[in-house]
Protein chains: 2
Amino acid sequence: MRVYLDNNATTKIDPLVRVKMQPFFEELYGNPNSLHQYGMEVRPHLNKAMGEMYDALNVPDKDDILITSCATESNNAVLKGVFFQHILKNPEKNHIVTSSVEHPAIIETLMFLSDYGVDVTYVDVDDNGGISAQAVKDAVTDKTILISMMWANNETGMIFPVEEVSAFAKEKGILFHTDAVQAIGKVHVDLTKVDVDYLTFSAHKFHGPKGVGGLYVKKGKTLPNLLHGGEQMGGKRAGTLNVAYIVGMGLAMRQAANHVEKMNTDVRRLRDKLEDALAKISDTIVVGPREKRTPNTLLISLRGIEGEAMLWDLNRAGIAASTGSACASESLHANPVMSAIGEDPELAHTAMRLSLSRFTTEEEIDYTIELFTKAAERLRSISSTYAYTNEAG
Amino acid sequence: MRVYLDNNATTKIDPLVRVKMQPFFEELYGNPNSLHQYGMEVRPHLNKAMGEMYDALNVPDKDDILITSCATESNNAVLKGVFFQHILKNPEKNHIVTSSVEHPAIIETLMFLSDYGVDVTYVDVDDNGGISAQAVKDAVTDKTILISMMWANNETGMIFPVEEVSAFAKEKGILFHTDAVQAIGKVHVDLTKVDVDYLTFSAHKFHGPKGVGGLYVKKGKTLPNLLHGGEQMGGKRAGTLNVAYIVGMGLAMRQAANHVEKMNTDVRRLRDKLEDALAKISDTIVVGPREKRTPNTLLISLRGIEGEAMLWDLNRAGIAASTGSACASESLHANPVMSAIGEDPELAHTAMRLSLSRFTTEEEIDYTIELFTKAAERLRSISSTYAYTNEAG
């Protein structure tokens, strides 16, 4: 049996999306900017896909949704756009507030920009892996130009207070960006209810293809392009349009929005079943109250068991999970969220993330419970640190 | 009959490439950075594809090929990378030399950067649409940090003197970048023979998918990322890897390299046949000597016939051509190369580009000759400017 529980890293393509993309790899290959039939015949498909994205976010036509190549590009576009548009021109407003547990596309970009005069405050998470809106407010100064805070965390699934922080930002005249990569398809992302200036999303996190994402930009908040060039996307993001993937992302986003309820019932139930069973293993810590997390995510630490060892045991049993963000998982760092929470380094090395999707079945969860429990017993029995901890305790 | 003669805008996907990509839309959906089986099983395919690209360019492993989302991204990465790495830190070296007929991804990026202290010299083309190496050398000053010159022009197919200019740049200690989007698959692009620091390419110009490209970076010439984030591409270009398209681009690039000879024999013969036939129409101008052009491209002006009118007549007959770069063709500008050559505005509006591929057939060319000639007669018979010109002449 193979069980894929690494859906926060990437997801499989919805078969409907795959079928929808197929003609654009075959006869519908025209460049949509061309004036001839080959170009014109693909445009209605693009327009429909764009409409599906506007509908999914519930935003008006006057706002922009720019198609990018990934969430990383969208995040870079916002931060570097703010740098060029505001900070480089007016160094008096050079302060950006973010959280200490953002995706590397935020953290690394800000670290880069801090070499060029950008001042960054990283707001820490609390013991649950959550962010307090008050802590964000307290971090703001007269020099703050932007707050960038993710909608939901990739490691823990913890949902951050975007509604309160975005309202505060608006009141203060500060730009607000949210990386909503882990929120789309898992919680309602309705921009009539949360007032953001910029929002990042990525198709491959909601059963679309890898290599396409989006950036929502509120009317009047246009930033300089990250990619200058041709007149695609109203001149705001150049590059020949990846027609197949845009069409795929449109349908995937519609499907994601349509399945939020399923995520909050069926998938949540399976996640909770998995969580309840694994939490019975002694000396485990589950990060964050489940009602404050996206319904598909579980981050659990088992004292005395290296995350990589557990990953390997699960992998041999056909179960795919993660010790942390796949964006950094080639290097065996301590899990960054566990570190941020302030757990001791040993525990930070024992984190396992299990993330479900709407395609996860009950059978798969039952199998995982069985195999995970066995693996924990086996690894504990050979763990020198766990034996030591128990003796010392 | 449908005839696609707009291959400099985009190409259809080679059926072999399409088949090769298919499994990565289905069962092989893992994130290659993941440590489990789903991630590990895709890595050999990625490695093979990267090897195909290194082979196609004939470059050693110590150099980098970074996968990007398109040529526009690659070009932006070079220019903005040089800006951050060199110009922003040392404004004494703020000068960039380029040609006046580069792709908008170069021209627009440089126009943007010139607001931030970058000084740009645009070297003009000669009457044939060519660039003189001497003119580029003459444009260089003590402040020049970079020369960026395309390998072959998208509009005319004219091949630029990359070998001589790159050797000169190396001698002077100036960085050299070439946008080789229109060269790959049409002429030999062998980097043991032409010594470049940076080279841009794009899959959809050589029968790969739209939405993936590459940037070659010589060892020791690394620039700051355009996309900061995760550790993909050795930390030099972040973003979850678009596995399907990378695998597709690898095969497409191998196929392109393997078909350069076919381009230079079969496709060149068809292009020349088309050119000879159309040049027989009175009052036509073909830009550039054919032996100095890529073998698939023909830019022709017919006095008195608006390019858009001809495009429309051809389109009704099922023939796809272009009046200029598809990157800008939604707006009916004068053809920028024709303007750069210094033709009068009327002639600049009469340019038609016909670009073949290795999939173009003799039957298609015969049909195009017949229909194009008919369209020229029809449009001339109703052209007020042509009648006027003839009377005035």
# chains A, B, ... in the order shown; residues from 1 in each chain; ligands from 1
call {"tool": "residues_around", "arguments": {"residues": "Gly248 of chain B", "least_positions_apart": "4", "cutoff": "8 Å", "atoms": "only C-alpha atoms", "output": "PyMOL selection string"}}
result
chain B and resi 17-18+20-21+49+208-209+244+252
call {"tool": "write_last_selection", "arguments": {"atoms": "C-alpha atoms", "output": "compact mmCIF listing (two decimals), in the first residue's frame"}}
result
# COMPACT_ATOMS: atom_id res chain seq x y z
CA VAL B 17 8.08 15.49 -25.45
CA ARG B 18 4.39 15.36 -24.65
CA LYS B 20 7.62 12.03 -21.93
CA MET B 21 5.90 14.56 -19.64
CA ALA B 49 16.94 16.10 -18.18
CA GLY B 208 8.98 22.17 -25.50
CA PRO B 209 6.23 23.45 -23.18
CA ALA B 244 7.05 17.64 -15.92
CA ALA B 252 13.13 19.03 -26.34
call {"tool": "closest_atom_pairs", "arguments": {"of": "chain B", "to": "chain A", "cutoff": "7 Å", "atoms": "only C-alpha atoms", "output": "JSON lines"}}
result
{"residue": "B:Ala9", "atom": "CA", "partner": "A:Asn31", "partner_atom": "CA", "distance": 6.8}
{"residue": "B:Thr10", "atom": "CA", "partner": "A:Asn31", "partner_atom": "CA", "distance": 6.0}
{"residue": "B:Lys12", "atom": "CA", "partner": "A:Tyr29", "partner_atom": "CA", "distance": 5.5}
{"residue": "B:Ile13", "atom": "CA", "partner": "A:Phe25", "partner_atom": "CA", "distance": 6.4}
{"residue": "B:Arg18", "atom": "CA", "partner": "A:Phe25", "partner_atom": "CA", "distance": 6.7}
{"residue": "B:Phe25", "atom": "CA", "partner": "A:Ile13", "partner_atom": "CA", "distance": 6.4}
{"residue": "B:Glu26", "atom": "CA", "partner": "A:Ile13", "partner_atom": "CA", "distance": 6.9}
{"residue": "B:Tyr29", "atom": "CA", "partner": "A:Lys12", "partner_atom": "CA", "distance": 5.5}
{"residue": "B:Gly30", "atom": "CA", "partner": "A:Thr10", "partner_atom": "CA", "distance": 6.8}
{"residue": "B:Asn31", "atom": "CA", "partner": "A:Thr10", "partner_atom": "CA", "distance": 6.0}
{"residue": "B:Asn33", "atom": "CA", "partner": "A:Ala326", "partner_atom": "CA", "distance": 5.5}
{"residue": "B:Ser34", "atom": "CA", "partner": "A:Ala326", "partner_atom": "CA", "distance": 5.2}
{"residue": "B:His36", "atom": "CA", "partner": "A:Ala320", "partner_atom": "CA", "distance": 5.6}
{"residue": "B:Gln37", "atom": "CA", "partner": "A:Asn315", "partner_atom": "CA", "distance": 6.5}
{"residue": "B:Ser69", "atom": "CA", "partner": "A:Ser69", "partner_atom": "CA", "distance": 5.8}
{"residue": "B:Cys70", "atom": "CA", "partner": "A:Gly239", "partner_atom": "CA", "distance": 6.3}
{"residue": "B:Thr72", "atom": "CA", "partner": "A:Gly239", "partner_atom": "CA", "distance": 5.3}
{"residue": "B:Glu73", "atom": "CA", "partner": "A:Leu227", "partner_atom": "CA", "distance": 5.9}
{"residue": "B:Asn76", "atom": "CA", "partner": "A:Leu227", "partner_atom": "CA", "distance": 6.0}
{"residue": "B:Pro104", "atom": "CA", "partner": "A:Gly229", "partner_atom": "CA", "distance": 4.4}
{"residue": "B:Ala105", "atom": "CA", "partner": "A:Gly229", "partner_atom": "CA", "distance": 3.5}
{"residue": "B:Ile106", "atom": "CA", "partner": "A:Gly229", "partner_atom": "CA", "distance": 6.7}
{"residue": "B:Glu108", "atom": "CA", "partner": "A:Gly229", "partner_atom": "CA", "distance": 5.3}
{"residue": "B:Thr109", "atom": "CA", "partner": "A:His228", "partner_atom": "CA", "distance": 5.1}
{"residue": "B:Lys210", "atom": "CA", "partner": "A:Asn242", "partner_atom": "CA", "distance": 5.0}
{"residue": "B:Gly211", "atom": "CA", "partner": "A:Asn242", "partner_atom": "CA", "distance": 4.7}
{"residue": "B:Leu227", "atom": "CA", "partner": "A:Glu73", "partner_atom": "CA", "distance": 6.0}
{"residue": "B:His228", "atom": "CA", "partner": "A:Thr109", "partner_atom": "CA", "distance": 5.1}
{"residue": "B:Gly229", "atom": "CA", "partner": "A:Ala105", "partner_atom": "CA", "distance": 3.5}
{"residue": "B:Gly230", "atom": "CA", "partner": "A:Cys327", "partner_atom": "CA", "distance": 4.7}
{"residue": "B:Glu231", "atom": "CA", "partner": "A:Ala328", "partner_atom": "CA", "distance": 5.7}
{"residue": "B:Ala238", "atom": "CA", "partner": "A:Thr72", "partner_atom": "CA", "distance": 6.7}
{"residue": "B:Gly239", "atom": "CA", "partner": "A:Thr72", "partner_atom": "CA", "distance": 5.3}
{"residue": "B:Thr240", "atom": "CA", "partner": "A:Lys210", "partner_atom": "CA", "distance": 6.9}
{"residue": "B:Leu241", "atom": "CA", "partner": "A:Gly211", "partner_atom": "CA", "distance": 6.7}
{"residue": "B:Asn242", "atom": "CA", "partner": "A:Gly211", "partner_atom": "CA", "distance": 4.7}
{"residue": "B:Asn315", "atom": "CA", "partner": "A:His36", "partner_atom": "CA", "distance": 5.7}
{"residue": "B:Ala320", "atom": "CA", "partner": "A:His36", "partner_atom": "CA", "distance": 5.6}
{"residue": "B:Ala326", "atom": "CA", "partner": "A:Ser34", "partner_atom": "CA", "distance": 5.2}
{"residue": "B:Cys327", "atom": "CA", "partner": "A:Gly230", "partner_atom": "CA", "distance": 4.7}
{"residue": "B:Ala328", "atom": "CA", "partner": "A:Glu231", "partner_atom": "CA", "distance": 5.7}
{"residue": "B:Ser329", "atom": "CA", "partner": "A:Asn33", "partner_atom": "CA", "distance": 6.3}
{"residue": "B:Glu330", "atom": "CA", "partner": "A:Asn33", "partner_atom": "CA", "distance": 5.9}
call {"tool": "closest_residue", "arguments": {"among": "B:Tyr216, B:Ile174, B:Lys62, B:Met158", "to": "Arg290 of chain B", "atoms": "only C-alpha atoms"}}
result
B:Met158
call {"tool": "residues_around", "arguments": {"residues": "segment 185-189 of chain B", "least_positions_apart": "6", "cutoff": "7 Å", "atoms": "only C-alpha atoms", "output": "list of chain:residue names"}}
result
B:Leu57, B:Phe206, B:Ala256, B:Ala257, B:His259, B:Val260, B:Met263, B:Thr294, B:Pro295
call {"tool": "residues_around", "arguments": {"residues": "Leu356 of chain A", "least_positions_apart": "3", "cutoff": "8 Å", "atoms": "only C-alpha atoms", "output": "count of residues only"}}
result
11
call {"tool": "select_by_dssp", "arguments": {"residues": "segment 146-372 of chain B", "states": "helix (DSSP H, G or I)", "output": "JSON, numbers by chain"}}
result
{"B": [162, 163, 164, 165, 166, 167, 168, 169, 170, 171, 172, 203, 204, 205, 232, 233, 234, 235, 243, 244, 245, 246, 247, 248, 249, 250, 251, 252, 253, 254, 255, 256, 257, 258, 260, 261, 262, 263, 264, 265, 266, 267, 268, 269, 270, 271, 272, 273, 274, 275, 276, 277, 278, 279, 290, 291, 292, 307, 308, 309, 310, 311, 312, 313, 314, 315, 316, 336, 337, 338, 339, 340, 341, 345, 346, 347, 348, 362, 363, 364, 365, 366, 367, 368, 369, 370, 371, 372]}
call {"tool": "residues_around", "arguments": {"residues": "segment 121-133 of chain A", "least_positions_apart": "5", "cutoff": "6 Å", "atoms": "only C-alpha atoms", "output": "PDB file with N, CA, C and O atoms, in the first residue's frame"}}
result
ATOM      1  N   VAL A  97       7.351  44.175   8.704  1.00  0.00           N
ATOM      2  CA  VAL A  97       7.025  43.256   9.799  1.00  0.00           C
ATOM      3  C   VAL A  97       6.564  41.932   9.202  1.00  0.00           C
ATOM      4  O   VAL A  97       5.742  41.918   8.277  1.00  0.00           O
ATOM      5  N   THR A  98       7.094  40.856   9.726  1.00  0.00           N
ATOM      6  CA  THR A  98       6.683  39.532   9.265  1.00  0.00           C
ATOM      7  C   THR A  98       6.732  38.575  10.448  1.00  0.00           C
ATOM      8  O   THR A  98       7.039  38.991  11.572  1.00  0.00           O
ATOM      9  N   SER A  99       6.410  37.297  10.224  1.00  0.00           N
ATOM     10  CA  SER A  99       6.519  36.340  11.319  1.00  0.00           C
ATOM     11  C   SER A  99       7.815  35.556  11.168  1.00  0.00           C
ATOM     12  O   SER A  99       8.418  35.526  10.091  1.00  0.00           O
ATOM     13  N   SER A 100       8.227  34.930  12.246  1.00  0.00           N
ATOM     14  CA  SER A 100       9.485  34.177  12.226  1.00  0.00           C
ATOM     15  C   SER A 100       9.321  32.808  11.575  1.00  0.00           C
ATOM     16  O   SER A 100      10.287  32.079  11.433  1.00  0.00           O
ATOM     17  N   PHE A 160      -3.308  31.957  11.051  1.00  0.00           N
ATOM     18  CA  PHE A 160      -2.844  33.215  11.645  1.00  0.00           C
ATOM     19  C   PHE A 160      -3.944  34.279  11.549  1.00  0.00           C
ATOM     20  O   PHE A 160      -4.838  34.174  10.703  1.00  0.00           O
ATOM     21  N   PRO A 161      -3.889  35.291  12.410  1.00  0.00           N
ATOM     22  CA  PRO A 161      -4.997  36.258  12.500  1.00  0.00           C
ATOM     23  C   PRO A 161      -4.984  37.294  11.372  1.00  0.00           C
ATOM     24  O   PRO A 161      -4.801  38.494  11.604  1.00  0.00           O
ATOM     25  N   VAL A 165      -5.183  41.510  11.613  1.00  0.00           N
ATOM     26  CA  VAL A 165      -3.961  42.222  11.231  1.00  0.00           C
ATOM     27  C   VAL A 165      -4.181  43.039   9.960  1.00  0.00           C
ATOM     28  O   VAL A 165      -3.694  44.168   9.840  1.00  0.00           O
ATOM     29  N   VAL A 287       1.565  19.855  17.990  1.00  0.00           N
ATOM     30  CA  VAL A 287       1.687  21.311  18.051  1.00  0.00           C
ATOM     31  C   VAL A 287       0.384  21.982  17.635  1.00  0.00           C
ATOM     32  O   VAL A 287      -0.115  21.744  16.535  1.00  0.00           O
ATOM     33  N   GLY A 288      -0.128  22.832  18.520  1.00  0.00           N
ATOM     34  CA  GLY A 288      -1.265  23.674  18.184  1.00  0.00           C
ATOM     35  C   GLY A 288      -2.608  23.016  18.397  1.00  0.00           C
ATOM     36  O   GLY A 288      -2.799  21.845  18.052  1.00  0.00           O
ATOM     37  N   ILE A 341       9.117  27.719  18.189  1.00  0.00           N
ATOM     38  CA  ILE A 341       8.256  27.566  19.360  1.00  0.00           C
ATOM     39  C   ILE A 341       9.087  27.569  20.634  1.00  0.00           C
ATOM     40  O   ILE A 341       8.620  27.872  21.724  1.00  0.00           O
TER      41      ILE A 341
END
call {"tool": "atom_distance", "arguments": {"atom1": "atom CA of Thr368 of chain A", "atom2": "atom CA of Met310 of chain A"}}
result
12.3 Å
call {"tool": "select_by_dssp", "arguments": {"residues": "segment 110-211 of chain A", "states": "strand (DSSP E)", "output": "ChimeraX atom specification"}}
result
/A:119-123,144-148,175-179,198-202
call {"tool": "atom_distance", "arguments": {"atom1": "atom CA of Leu274 of chain B", "atom2": "atom CA of Gln255 of chain B"}}
result
25.0 Å
call {"tool": "residues_around", "arguments": {"residues": "Lys143 of chain B", "least_positions_apart": "4", "cutoff": "7 Å", "atoms": "only C-alpha atoms", "output": "list of chain:residue names"}}
result
B:Glu92, B:Lys93, B:Asn94, B:His95
call {"tool": "write_last_selection", "arguments": {"atoms": "all heavy atoms", "output": "PDB file, in the first residue's frame"}}
result
ATOM      1  N   GLU B  92      30.001  53.365  -9.675  1.00  0.00           N
ATOM      2  CA  GLU B  92      31.008  53.746 -10.673  1.00  0.00           C
ATOM      3  C   GLU B  92      30.949  52.836 -11.900  1.00  0.00           C
ATOM      4  O   GLU B  92      31.441  53.199 -12.968  1.00  0.00           O
ATOM      5  CB  GLU B  92      32.423  53.667 -10.057  1.00  0.00           C
ATOM      6  CG  GLU B  92      32.698  54.723  -9.012  1.00  0.00           C
ATOM      7  CD  GLU B  92      32.469  56.124  -9.573  1.00  0.00           C
ATOM      8  OE1 GLU B  92      33.130  56.468 -10.568  1.00  0.00           O
ATOM      9  OE2 GLU B  92      31.591  56.841  -9.033  1.00  0.00           O
ATOM     10  N   LYS B  93      30.426  51.654 -11.703  1.00  0.00           N
ATOM     11  CA  LYS B  93      30.314  50.696 -12.816  1.00  0.00           C
ATOM     12  C   LYS B  93      28.831  50.483 -13.105  1.00  0.00           C
ATOM     13  O   LYS B  93      28.243  49.464 -12.737  1.00  0.00           O
ATOM     14  CB  LYS B  93      30.957  49.362 -12.412  1.00  0.00           C
ATOM     15  CG  LYS B  93      32.469  49.364 -12.447  1.00  0.00           C
ATOM     16  CD  LYS B  93      32.981  49.135 -13.862  1.00  0.00           C
ATOM     17  CE  LYS B  93      34.415  48.640 -13.860  1.00  0.00           C
ATOM     18  NZ  LYS B  93      34.892  48.411 -15.252  1.00  0.00           N
ATOM     19  N   ASN B  94      28.216  51.462 -13.699  1.00  0.00           N
ATOM     20  CA  ASN B  94      26.751  51.430 -13.852  1.00  0.00           C
ATOM     21  C   ASN B  94      26.295  51.378 -15.305  1.00  0.00           C
ATOM     22  O   ASN B  94      25.133  51.654 -15.606  1.00  0.00           O
ATOM     23  CB  ASN B  94      26.142  52.666 -13.176  1.00  0.00           C
ATOM     24  CG  ASN B  94      26.421  53.924 -13.971  1.00  0.00           C
ATOM     25  OD1 ASN B  94      27.394  53.974 -14.724  1.00  0.00           O
ATOM     26  ND2 ASN B  94      25.583  54.938 -13.806  1.00  0.00           N
ATOM     27  N   HIS B  95      27.200  51.026 -16.197  1.00  0.00           N
ATOM     28  CA  HIS B  95      26.886  51.127 -17.622  1.00  0.00           C
ATOM     29  C   HIS B  95      26.675  49.744 -18.261  1.00  0.00           C
ATOM     30  O   HIS B  95      27.474  48.831 -18.051  1.00  0.00           O
ATOM     31  CB  HIS B  95      28.033  51.866 -18.338  1.00  0.00           C
ATOM     32  CG  HIS B  95      27.794  52.082 -19.802  1.00  0.00           C
ATOM     33  ND1 HIS B  95      28.694  51.675 -20.767  1.00  0.00           N
ATOM     34  CD2 HIS B  95      26.763  52.649 -20.462  1.00  0.00           C
ATOM     35  CE1 HIS B  95      28.219  51.997 -21.969  1.00  0.00           C
ATOM     36  NE2 HIS B  95      27.059  52.596 -21.811  1.00  0.00           N
TER      37      HIS B  95
END
call {"tool": "atom_distance", "arguments": {"atom1": "atom CA of Asp197 of chain B", "atom2": "atom CA of Lys172 of chain B"}}
result
13.3 Å
call {"tool": "residues_around", "arguments": {"residues": "Leu223 of chain B", "least_positions_apart": "4", "cutoff": "10 Å", "atoms": "only C-alpha atoms", "output": "list of chain:residue names"}}
result
B:Ala77, B:Val78, B:Leu79, B:Lys80, B:Gly81, B:Val82, B:Phe83, B:Phe84, B:Gln85, B:His86, B:Val217, B:Lys236
